[in-house]
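Text of my_file.txt, listed as compact mmCIF, C-alpha atoms and all ligand atoms:
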# COMPACT_ATOMS: atom_id res chain seq x y z
CA MET A 568 -26.18 -45.77 1.81
CA GLN A 569 -23.94 -48.68 2.66
CA PHE A 570 -20.89 -48.46 4.87
CA CYS A 571 -17.50 -50.16 4.94
CA SER A 572 -14.50 -50.21 7.25
CA THR A 573 -11.82 -47.56 6.68
CA ARG A 574 -9.41 -50.52 6.80
CA ASP A 575 -11.23 -52.95 4.50
CA ILE A 576 -13.45 -51.87 1.64
CA ARG A 577 -14.78 -55.47 1.36
CA HIS A 578 -16.38 -55.36 4.82
CA ILE A 579 -19.75 -53.78 3.93
CA VAL A 580 -22.66 -53.26 6.34
CA SER A 581 -26.07 -51.59 6.44
CA TYR A 582 -26.81 -48.46 8.50
CA GLU A 583 -28.48 -50.55 11.22
CA GLU A 584 -25.50 -52.88 11.49
CA ALA A 585 -23.04 -49.97 11.50
CA ILE A 586 -24.75 -48.22 14.41
CA PHE A 587 -25.01 -51.35 16.55
CA ARG A 588 -21.42 -52.38 15.87
CA GLY A 589 -19.99 -48.89 16.45
CA LEU A 590 -16.49 -49.91 15.38
CA ALA A 591 -15.72 -52.34 12.50
CA PRO A 592 -14.37 -55.75 13.62
CA ASP A 593 -10.91 -54.93 12.19
CA GLY A 594 -10.71 -51.80 14.40
CA GLY A 595 -11.50 -49.47 11.47
CA LEU A 596 -14.28 -46.89 11.42
CA TYR A 597 -17.36 -47.22 9.24
CA HIS A 598 -17.69 -44.70 6.44
CA PRO A 599 -19.92 -44.46 3.33
CA VAL A 600 -18.96 -46.83 0.50
CA LYS A 601 -20.28 -44.21 -1.92
CA HIS A 602 -21.36 -40.67 -1.01
CA PRO A 603 -24.77 -39.63 -2.37
CA ASP A 604 -25.24 -36.64 -4.67
CA LEU A 605 -27.73 -34.34 -2.92
CA GLN A 606 -27.25 -31.22 -5.05
CA GLU A 607 -30.94 -31.08 -5.93
CA LEU A 608 -31.91 -31.24 -2.28
CA PHE A 609 -29.52 -28.38 -1.42
CA ALA A 610 -30.92 -26.32 -4.32
CA SER A 611 -34.45 -26.80 -2.95
CA LEU A 612 -33.66 -25.32 0.48
CA ASN A 613 -34.51 -21.79 1.44
CA PRO A 614 -33.55 -19.52 4.38
CA GLY A 615 -36.99 -19.71 6.00
CA MET A 616 -36.97 -23.50 6.47
CA ASP A 617 -36.93 -24.82 10.00
CA PHE A 618 -34.38 -27.31 11.22
CA THR A 619 -36.65 -30.35 11.51
CA ALA A 620 -37.90 -29.86 7.94
CA ILE A 621 -34.29 -29.83 6.67
CA ALA A 622 -33.34 -32.80 8.88
CA GLY A 623 -36.37 -34.77 7.63
CA LYS A 624 -35.36 -34.21 3.99
CA LEU A 625 -31.79 -35.34 4.72
CA ILE A 626 -32.87 -38.41 6.72
CA THR A 627 -34.98 -39.76 3.88
CA ALA A 628 -32.36 -38.89 1.25
CA LEU A 629 -29.57 -40.62 3.20
CA PHE A 630 -31.47 -43.62 4.58
CA PRO A 631 -34.27 -44.35 2.08
CA ASP A 632 -34.24 -48.08 2.96
CA TYR A 633 -35.30 -47.33 6.53
CA PHE A 634 -37.19 -44.06 6.59
CA ASP A 635 -39.73 -42.88 4.00
CA LYS A 636 -40.82 -39.22 3.97
CA ASP A 637 -43.38 -39.59 6.77
CA LYS A 638 -41.18 -41.74 9.00
CA ALA A 639 -38.24 -39.35 8.47
CA LYS A 640 -40.43 -36.44 9.57
CA GLU A 641 -41.50 -38.39 12.66
CA ILE A 642 -37.87 -39.28 13.52
CA ALA A 643 -36.70 -35.67 13.00
CA GLU A 644 -39.46 -34.29 15.22
CA LYS A 645 -38.79 -36.85 17.95
CA ALA A 646 -34.99 -36.46 17.89
CA PHE A 647 -34.86 -32.68 17.57
CA PRO A 648 -37.25 -30.85 19.89
CA PHE A 649 -34.52 -28.17 19.88
CA SER A 650 -32.85 -26.30 17.02
CA PRO A 651 -29.56 -24.66 16.06
CA GLU A 652 -29.58 -20.87 15.79
CA LEU A 653 -27.48 -18.81 13.41
CA VAL A 654 -26.58 -15.44 14.94
CA HIS A 655 -24.53 -12.60 13.49
CA LEU A 656 -21.45 -11.89 15.66
CA ASP A 657 -19.35 -9.29 13.85
CA ASN A 658 -18.58 -8.21 10.25
CA LYS A 659 -18.71 -11.38 8.17
CA LEU A 660 -18.59 -13.67 11.17
CA TYR A 661 -21.61 -15.73 12.26
CA LEU A 662 -22.01 -18.10 15.17
CA LEU A 663 -23.93 -21.31 14.70
CA GLU A 664 -25.25 -21.87 18.23
CA LEU A 665 -25.55 -25.58 18.86
CA PHE A 666 -26.17 -25.50 22.59
CA HIS A 667 -29.95 -25.21 22.82
CA GLY A 668 -30.48 -28.93 23.48
CA PRO A 669 -30.82 -30.79 26.80
CA SER A 670 -27.10 -30.92 27.72
CA CYS A 671 -26.22 -27.50 26.25
CA ALA A 672 -23.64 -28.80 23.74
CA PHE A 673 -23.57 -29.70 20.04
CA LYS A 674 -23.40 -33.40 20.89
CA ASP A 675 -27.13 -33.31 21.66
CA PHE A 676 -27.93 -33.46 17.95
CA GLY A 677 -25.98 -36.65 17.24
CA ALA A 678 -26.76 -38.35 20.56
CA SER A 679 -30.49 -37.74 20.30
CA PHE A 680 -30.67 -38.95 16.68
CA LEU A 681 -28.69 -42.08 17.53
CA ALA A 682 -30.89 -42.81 20.57
CA THR A 683 -34.05 -42.36 18.48
CA CYS A 684 -32.80 -44.71 15.72
CA MET A 685 -31.57 -47.34 18.18
CA GLU A 686 -34.82 -47.33 20.11
CA GLU A 687 -36.72 -47.73 16.85
CA PHE A 688 -34.61 -50.71 15.71
CA LEU A 689 -34.46 -52.41 19.16
CA LYS A 690 -38.23 -52.11 19.57
CA GLN A 691 -38.70 -54.11 16.38
CA GLU A 692 -36.21 -56.80 17.35
CA HIS A 693 -36.57 -57.29 21.11
CA ARG A 694 -32.84 -57.11 21.85
CA LYS A 695 -30.71 -55.21 24.33
CA ALA A 696 -27.58 -53.09 23.88
CA VAL A 697 -24.88 -51.63 26.09
CA ILE A 698 -23.41 -48.32 24.97
CA LEU A 699 -19.83 -47.54 25.96
CA THR A 700 -18.86 -43.90 25.65
CA ALA A 701 -15.60 -42.10 26.35
CA THR A 702 -15.89 -38.42 27.12
CA SER A 703 -13.63 -35.45 27.68
CA GLY A 704 -16.66 -33.53 28.89
CA ASP A 705 -19.52 -32.88 26.49
CA THR A 706 -20.30 -36.23 24.84
CA GLY A 707 -20.96 -37.90 28.20
CA SER A 708 -23.72 -35.53 29.28
CA ALA A 709 -25.38 -35.47 25.85
CA VAL A 710 -25.39 -39.26 25.68
CA ALA A 711 -26.67 -39.52 29.26
CA GLN A 712 -29.58 -37.18 28.48
CA ALA A 713 -30.39 -38.79 25.14
CA PHE A 714 -30.47 -42.40 26.42
CA TYR A 715 -31.84 -41.78 29.93
CA LYS A 716 -34.49 -44.42 30.69
CA LYS A 717 -34.51 -45.70 27.10
CA GLU A 718 -35.77 -49.28 27.17
CA ASN A 719 -33.34 -52.15 26.51
CA ILE A 720 -30.28 -49.87 26.64
CA ASP A 721 -27.62 -49.42 29.35
CA VAL A 722 -25.06 -46.64 29.00
CA VAL A 723 -21.58 -46.71 30.53
CA ILE A 724 -19.70 -43.40 30.39
CA LEU A 725 -15.93 -43.24 30.96
CA TYR A 726 -14.52 -39.83 31.86
CA PRO A 727 -11.04 -38.71 32.96
CA SER A 728 -10.89 -37.94 36.69
CA GLY A 729 -10.31 -34.23 37.40
CA ARG A 730 -10.26 -33.27 33.72
CA VAL A 731 -13.85 -32.25 33.04
CA SER A 732 -15.49 -29.08 34.31
CA PRO A 733 -17.39 -29.41 37.63
CA LEU A 734 -20.70 -28.80 35.87
CA GLN A 735 -19.94 -31.30 33.10
CA GLU A 736 -19.16 -33.87 35.80
CA LYS A 737 -22.49 -33.22 37.52
CA GLN A 738 -24.33 -33.55 34.21
CA LEU A 739 -22.91 -36.96 33.42
CA THR A 740 -22.87 -38.50 36.89
CA THR A 741 -26.21 -37.57 38.39
CA LEU A 742 -28.94 -39.20 36.33
CA GLY A 743 -28.78 -42.79 37.65
CA ALA A 744 -31.24 -45.43 36.29
CA ASN A 745 -29.66 -46.91 33.10
CA ILE A 746 -26.79 -44.37 33.04
CA HIS A 747 -23.54 -45.52 34.74
CA ALA A 748 -20.57 -43.16 35.16
CA LEU A 749 -16.98 -44.45 35.46
CA GLU A 750 -14.39 -41.96 36.70
CA VAL A 751 -11.15 -43.17 35.14
CA LYS A 752 -7.73 -42.55 36.69
CA GLY A 753 -6.17 -41.23 33.48
CA SER A 754 -6.74 -39.02 30.45
CA PHE A 755 -9.49 -38.93 27.80
CA ASP A 756 -7.15 -40.89 25.53
CA ASP A 757 -7.08 -43.68 28.15
CA CYS A 758 -10.90 -43.70 28.21
CA GLN A 759 -11.09 -43.83 24.40
CA ARG A 760 -8.48 -46.61 24.25
CA MET A 761 -10.36 -48.70 26.86
CA VAL A 762 -13.60 -48.37 24.89
CA LYS A 763 -11.89 -49.40 21.65
CA GLU A 764 -10.16 -52.34 23.40
CA ALA A 765 -13.54 -53.50 24.74
CA PHE A 766 -14.94 -53.50 21.18
CA MET A 767 -12.00 -55.59 19.97
CA ASP A 768 -12.61 -58.18 22.73
CA THR A 769 -15.03 -60.49 20.91
CA GLU A 770 -16.23 -62.26 24.06
CA LEU A 771 -17.01 -59.03 25.90
CA ARG A 772 -18.57 -57.48 22.85
CA SER A 773 -20.98 -60.32 22.20
CA THR A 774 -21.85 -60.94 25.89
CA PHE A 775 -23.03 -57.36 26.28
CA ASN A 776 -23.95 -56.46 22.68
CA LEU A 777 -21.59 -53.49 23.00
CA THR A 778 -21.77 -50.42 20.85
CA SER A 779 -20.62 -46.80 21.04
CA ALA A 780 -22.19 -43.34 21.14
CA ASN A 781 -18.97 -41.51 20.37
CA SER A 782 -18.42 -40.04 16.93
CA ILE A 783 -16.79 -43.33 15.91
CA ASN A 784 -20.44 -44.39 15.61
CA LEU A 785 -21.86 -43.21 12.29
CA GLY A 786 -25.30 -42.81 13.83
CA ARG A 787 -23.79 -40.10 16.07
CA LEU A 788 -21.67 -38.50 13.37
CA ILE A 789 -23.96 -38.25 10.32
CA PRO A 790 -26.75 -36.20 11.97
CA GLN A 791 -24.13 -33.61 12.89
CA SER A 792 -24.09 -32.77 9.17
CA PHE A 793 -27.73 -31.59 9.40
CA TYR A 794 -26.91 -28.33 11.18
CA TYR A 795 -24.25 -27.39 8.60
CA VAL A 796 -26.96 -27.73 5.96
CA TYR A 797 -29.35 -25.65 8.08
CA ALA A 798 -26.72 -22.88 8.42
CA TYR A 799 -25.93 -23.03 4.71
CA ALA A 800 -29.65 -22.60 3.94
CA GLN A 801 -29.89 -19.51 6.18
CA LEU A 802 -27.11 -17.71 4.24
CA LYS A 803 -27.96 -19.21 0.86
CA ASP A 804 -28.78 -15.88 -0.76
CA THR A 805 -25.34 -14.34 -0.06
CA ASP A 806 -22.83 -14.20 -2.90
CA LYS A 807 -20.11 -16.62 -1.74
CA ALA A 808 -20.49 -20.03 -0.09
CA PRO A 809 -19.45 -19.83 3.58
CA VAL A 810 -16.34 -21.14 5.27
CA PHE A 811 -17.12 -23.25 8.36
CA CYS A 812 -14.86 -22.98 11.40
CA VAL A 813 -15.06 -26.02 13.68
CA PRO A 814 -13.61 -26.21 17.22
CA SER A 815 -12.15 -29.71 17.06
CA GLY A 816 -11.09 -32.51 19.42
CA ASN A 817 -12.02 -35.91 18.05
CA PHE A 818 -12.79 -34.36 14.62
CA GLY A 819 -16.25 -35.92 14.29
CA ASN A 820 -17.92 -32.53 13.98
CA LEU A 821 -15.58 -31.46 11.21
CA THR A 822 -15.92 -34.80 9.40
CA ALA A 823 -19.72 -34.40 9.41
CA GLY A 824 -19.38 -30.97 7.74
CA VAL A 825 -16.95 -32.33 5.17
CA TYR A 826 -19.45 -35.13 4.37
CA ALA A 827 -22.19 -32.54 3.75
CA SER A 828 -19.90 -30.68 1.33
CA ILE A 829 -19.12 -33.94 -0.50
CA TRP A 830 -22.86 -34.54 -0.89
CA GLY A 831 -23.01 -31.22 -2.73
CA MET A 832 -23.53 -28.52 -0.07
CA PRO A 833 -21.66 -25.44 -1.37
CA THR A 834 -18.82 -24.35 0.98
CA SER A 835 -15.59 -22.40 0.60
CA GLY A 836 -13.70 -24.71 2.96
CA PHE A 837 -13.26 -25.59 6.62
CA ILE A 838 -11.08 -24.35 9.46
CA ALA A 839 -10.05 -26.97 12.02
CA ALA A 840 -9.60 -24.93 15.22
CA THR A 841 -7.87 -26.75 18.06
CA ASN A 842 -6.40 -25.87 21.43
CA ALA A 843 -2.80 -26.91 22.24
CA ASN A 844 -3.76 -30.48 21.22
CA ASP A 845 -2.83 -29.67 17.65
CA VAL A 846 -1.76 -32.93 15.97
CA VAL A 847 -4.04 -32.29 12.98
CA PRO A 848 -3.08 -28.61 12.37
CA GLN A 849 0.57 -29.71 12.55
CA TYR A 850 -0.08 -32.45 10.01
CA LEU A 851 -1.92 -30.04 7.69
CA ALA A 852 1.00 -27.61 7.93
CA GLY A 853 3.35 -30.28 6.58
CA GLY A 854 4.39 -32.28 9.62
CA GLU A 855 3.99 -35.98 10.33
CA TYR A 856 0.73 -37.19 11.88
CA LYS A 857 2.01 -37.87 15.38
CA PRO A 858 -0.63 -38.75 18.01
CA ARG A 859 0.60 -37.86 21.48
CA PRO A 860 -0.78 -37.82 25.05
CA SER A 861 -3.37 -35.08 25.39
CA LEU A 862 -2.58 -31.85 27.23
CA HIS A 863 -5.05 -30.50 29.76
CA THR A 864 -6.42 -27.13 28.59
CA LEU A 865 -9.22 -24.69 29.41
CA SER A 866 -11.23 -25.99 26.42
CA ASN A 867 -11.16 -29.48 27.95
CA ALA A 868 -13.71 -31.17 25.66
CA MET A 869 -11.12 -30.80 22.88
CA ASP A 870 -8.28 -32.37 24.88
CA VAL A 871 -7.70 -35.24 22.47
CA GLY A 872 -4.21 -36.40 21.54
CA ASN A 873 -5.22 -39.07 19.02
CA PRO A 874 -8.42 -37.94 17.27
CA SER A 875 -10.56 -40.92 16.20
CA ASN A 876 -11.90 -39.31 13.05
CA PHE A 877 -8.52 -38.53 11.53
CA GLU A 878 -8.81 -42.08 10.16
CA ARG A 879 -12.04 -41.16 8.32
CA LEU A 880 -10.56 -37.92 6.95
CA LYS A 881 -7.44 -39.77 5.80
CA ALA A 882 -9.56 -42.43 4.07
CA LEU A 883 -11.62 -39.72 2.39
CA PHE A 884 -8.84 -37.46 1.12
CA GLY A 885 -6.04 -39.99 0.68
CA SER A 886 -3.22 -37.45 0.99
CA ARG A 887 -2.27 -34.44 3.11
CA GLU A 888 -2.26 -32.23 0.02
CA LYS A 889 -5.88 -33.10 -0.81
CA MET A 890 -6.97 -32.68 2.82
CA ALA A 891 -5.23 -29.29 3.02
CA GLU A 892 -7.13 -28.09 -0.09
CA HIS A 893 -10.32 -28.33 1.99
CA ILE A 894 -9.20 -27.84 5.59
CA THR A 895 -6.99 -25.16 7.16
CA GLY A 896 -5.64 -25.88 10.64
CA CYS A 897 -5.28 -23.35 13.47
CA SER A 898 -4.18 -23.88 17.07
CA ILE A 899 -5.13 -21.44 19.86
CA SER A 900 -3.49 -21.25 23.30
CA ASP A 901 -5.29 -20.98 26.65
CA LYS A 902 -4.04 -17.40 27.03
CA GLU A 903 -5.54 -16.46 23.65
CA THR A 904 -8.76 -18.26 24.58
CA LEU A 905 -9.15 -16.17 27.74
CA GLU A 906 -8.32 -12.95 25.85
CA THR A 907 -10.95 -13.75 23.21
CA ILE A 908 -13.66 -14.43 25.80
CA SER A 909 -12.76 -11.19 27.56
CA ARG A 910 -12.64 -9.14 24.34
CA TYR A 911 -16.08 -10.26 23.14
CA HIS A 912 -17.53 -9.69 26.57
CA LYS A 913 -16.30 -6.08 26.49
CA LYS A 914 -17.10 -5.46 22.84
CA LYS A 915 -20.43 -7.28 22.44
CA GLN A 916 -21.54 -7.92 26.03
CA THR A 917 -21.67 -11.61 25.14
CA PHE A 918 -20.26 -14.70 26.83
CA LEU A 919 -18.33 -17.22 24.72
CA ASP A 920 -17.55 -20.66 26.10
CA PRO A 921 -13.83 -21.57 25.80
CA HIS A 922 -14.36 -23.95 22.83
CA THR A 923 -16.38 -21.36 20.92
CA ALA A 924 -13.68 -18.78 21.70
CA VAL A 925 -11.05 -21.05 20.10
CA GLY A 926 -13.22 -21.13 16.96
CA VAL A 927 -13.87 -17.38 16.97
CA LEU A 928 -10.17 -16.47 17.17
CA ALA A 929 -9.29 -19.02 14.47
CA SER A 930 -12.04 -17.46 12.30
CA GLU A 931 -10.67 -13.95 12.83
CA ARG A 932 -7.18 -15.10 11.81
CA TYR A 933 -8.52 -16.75 8.69
CA MET A 934 -10.56 -13.65 7.85
CA GLN A 935 -7.49 -11.42 7.95
CA LYS A 936 -6.09 -13.39 5.00
CA ASN A 937 -9.43 -14.16 3.29
CA PRO A 938 -11.67 -11.10 3.88
CA ALA A 939 -14.22 -11.92 1.16
CA HIS A 940 -15.86 -14.92 2.80
CA ASN A 941 -18.62 -15.26 5.34
CA ILE A 942 -17.44 -17.50 8.15
CA ILE A 943 -19.82 -19.63 10.16
CA SER A 944 -18.06 -20.53 13.39
CA LEU A 945 -19.63 -23.38 15.34
CA SER A 946 -20.56 -22.41 18.88
CA THR A 947 -20.34 -25.83 20.43
CA ALA A 948 -21.32 -25.34 24.10
CA HIS A 949 -23.17 -22.98 26.40
CA PRO A 950 -20.79 -20.72 28.40
CA GLY A 951 -22.57 -21.80 31.60
CA LYS A 952 -20.90 -25.23 31.34
CA PHE A 953 -17.56 -23.51 31.98
CA LEU A 954 -18.42 -21.10 34.77
CA GLU A 955 -14.92 -20.95 36.26
CA VAL A 956 -13.14 -20.24 32.96
CA VAL A 957 -15.67 -17.61 31.86
CA LYS A 958 -15.43 -15.91 35.27
CA GLN A 959 -11.62 -15.94 35.03
CA ALA A 960 -11.82 -14.20 31.63
CA THR A 961 -14.62 -11.70 32.25
CA GLY A 962 -14.90 -11.31 36.01
CA GLU A 963 -18.55 -12.43 35.77
CA PHE A 964 -20.48 -15.67 35.79
CA PRO A 965 -22.61 -16.20 32.67
CA PRO A 966 -26.34 -16.75 33.21
CA LEU A 967 -27.24 -20.42 33.70
CA PRO A 968 -30.14 -22.09 31.89
CA ASP A 969 -32.50 -23.95 34.27
CA ARG A 970 -31.37 -27.35 33.00
CA LEU A 971 -27.79 -26.58 34.10
CA LYS A 972 -28.91 -25.18 37.47
CA GLU A 973 -30.79 -28.44 38.14
CA ALA A 974 -27.69 -30.55 37.44
CA LEU A 975 -25.61 -28.44 39.87
CA ASN A 976 -27.87 -29.38 42.77
CA LYS A 977 -27.77 -33.14 42.22
CA GLN A 978 -25.55 -35.75 43.88
CA LYS A 979 -22.60 -37.26 41.95
CA GLN A 980 -22.78 -41.07 41.52
CA ALA A 981 -19.62 -42.45 39.87
CA THR A 982 -17.35 -45.49 40.23
CA LEU A 983 -13.60 -44.75 40.29
CA ILE A 984 -11.61 -47.25 38.20
CA ASP A 985 -8.08 -47.79 36.85
CA ASN A 986 -7.35 -47.06 33.21
CA SER A 987 -7.30 -50.69 32.10
CA LEU A 988 -9.61 -52.94 30.09
CA ASP A 989 -9.67 -55.36 33.05
CA SER A 990 -11.22 -52.71 35.31
CA LEU A 991 -13.82 -51.86 32.70
CA SER A 992 -14.69 -55.48 32.07
CA ASP A 993 -14.95 -56.15 35.85
CA PHE A 994 -17.45 -53.33 36.12
CA LEU A 995 -19.52 -54.61 33.20
CA ARG A 996 -19.64 -58.16 34.56
CA LYS A 997 -20.61 -57.05 38.08
CA LYS A 998 -23.01 -54.21 37.35
CA ILE A 999 -24.59 -54.72 33.94
CA LYS A 1000 -27.07 -57.57 33.62
N1 LIG B 1 -15.02 -33.86 22.73
C1 LIG B 1 -15.50 -35.05 23.22
C2 LIG B 1 -14.60 -36.24 23.12
C3 LIG B 1 -15.36 -37.36 22.47
O1 LIG B 1 -15.71 -36.96 21.17
P1 LIG B 1 -16.77 -37.67 20.28
O2 LIG B 1 -17.31 -36.59 19.39
O3 LIG B 1 -16.05 -38.72 19.53
O4 LIG B 1 -17.83 -38.26 21.15
C4 LIG B 1 -16.28 -34.94 24.53
O5 LIG B 1 -16.73 -33.87 24.84
O6 LIG B 1 -16.45 -35.93 25.22
Using the file provided, produce a representation of the structure as structure tokens.
Ligand SMILES: N[C@@H](CCOP(=O)(O)O)C(=O)O
Amino acid sequence: MQFCSTRDIRHIVSYEEAIFRGLAPDGGLYHPVKHPDLQELFASLNPGMDFTAIAGKLITALFPDYFDKDKAKEIAEKAFPFSPELVHLDNKLYLLELFHGPSCAFKDFGASFLATCMEEFLKQEHRKAVILTATSGDTGSAVAQAFYKKENIDVVILYPSGRVSPLQEKQLTTLGANIHALEVKGSFDDCQRMVKEAFMDTELRSTFNLTSANSINLGRLIPQSFYYVYAYAQLKDTDKAPVFCVPSGNFGNLTAGVYASIWGMPTSGFIAATNANDVVPQYLAGGEYKPRPSLHTLSNAMDVGNPSNFERLKALFGSREKMAEHITGCSISDKETLETISRYHKKKQTFLDPHTAVGVLASERYMQKNPAHNIISLSTAHPGKFLEVVKQATGEFPPLPDRLKEALNKQKQATLIDNSLDSLSDFLRKKIK
């Protein structure tokens, strides 16, 4: 596959170049020049296949110039020592649990694949890279875990002060070594803007060989399609192709699913489930696309007022009408999120994290109008990452996996900075060699 900028079809790069650039020089996002037809691959899958086997097949089909069958298997096994799990929740509703990786969120899949590819390429070329990442909560910890102590790579994580959960903050600020945390006085949108401004600053970019580990980076986004394919394979023998419901903030997760369907994976559509930060559902319902400052909600990882990947979806579908044929929007309030967590705790003795709860309620609403379809709702984070919210909804703390307990006991190490490119560039010049 080759990739071009969403803003200039003539700017074409390889996969390796796309992942080390992160953002195209014109500020656009890289996307496939031509999507492959993988219908035969999808037909060959069966429900018993494990995740790494499916990921290996996709890696070699998507990147044949880099990874033959054996290398793809090696990369898949190295990147994914954890797996998604498809569990039945209720009626025709399934949860695709994506929180069994090191940071307990879906971002582990993309971050770990990107880290594995970058390490592979850098090893061959003896160069260094600095990864800038903006996070509203989950990306930061996944990227920190995936790149921790990776040779020739420094990671700088920007997160909005006071707007991530206490456990998320611990996860992304306590590793040390090559992981540097910047606590930004501002919102996630400020962090994302600062990162994008740094990429557009040619001097800064070349001095530090800057790239990104957000979903603007294709190497983070494309592997997120692998778990959609895994879930599809598990339900392959049922009569109708599933609908996927995706809790959405920056829309990278949803874009990855849409890519898989364009490659030929049978689906009956997508639900974009957001919290009150609903610029995309409003657009899909007929309004203008109007980015606006993000609102702080209980599902904080989705507090994004100007989703990066809207640009990729727009480039793919061209018009609102086309996009709305594939994607249905749904916005869920904090009150509804708490009620959903509480209801499932009473009914199924299960804990949903607030982001998963947004997806579950959006799925239920969709199902009322479209009862014939199986819905696979993405469960994007472990409830233990949001102890306070889950306790507020259920009166109980969810059980914590050991890897989250360990993070809780560590000491925060972060540098507080203003929300300006100058502050970020000062930090880079003083602290990153
Ligand atoms: N939801 C995110 C925001 C960044 O999204 P990304 O998918 O572009 O990395 C977070 O948890 O940080």
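Nearest residue to A:Ile698 among A:Ser792, A:Ile943, A:Leu862, A:Leu995 is A:Leu995, counting all atoms listed in the file.
Interatomic distance, atom CA of A:Pro733 to atom CA of A:Cys758: 18.3 Å.
If you measure from each of A:Gly926, A:Gly819, A:Pro814, A:Gly729 to ligand LIG 1 (chain B) using all atoms listed in the file, the closest one turns out to be A:Gly819.
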Distance limit 10 Å, reference ligand LIG 1 (chain B), atoms considered: all atoms listed in the file. Which residues make the cut? Give them as a PyMOL selection string. chain A and resi 672-674+677-678+700-710+724-727+731+735+755-756+758-759+779-784+787-788+791+814-821+866-871+874-876+922+947-948
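Using all atoms listed in the file for every distance, the candidate list A:Phe688, A:Trp830, A:Phe811, A:Phe680 yields A:Phe811 as the residue closest to A:Leu660.
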Between atom CA of A:Arg910 and atom CA of A:Ser732, measure the distance and give it in Å to one decimal. 22.5 Å
Can you pull out every residue within 8 Å of A:Gln801, counting only C-alpha atoms, but drop anything in the same chain fewer than 5 positions away, and send it as a PyMOL selection string? chain A and resi 613-615+653
Restricted to C-alpha atoms, what would the selected residues look like written as a PDB file, in the coordinates of the input?
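Saved result, again_2.pdb, follows:
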ATOM      1  CA  ASN A 613     -34.510 -21.790   1.440  1.00  0.00           C
ATOM      2  CA  PRO A 614     -33.550 -19.520   4.380  1.00  0.00           C
ATOM      3  CA  GLY A 615     -36.990 -19.710   6.000  1.00  0.00           C
ATOM      4  CA  LEU A 653     -27.480 -18.810  13.410  1.00  0.00           C
TER       5      LEU A 653
END
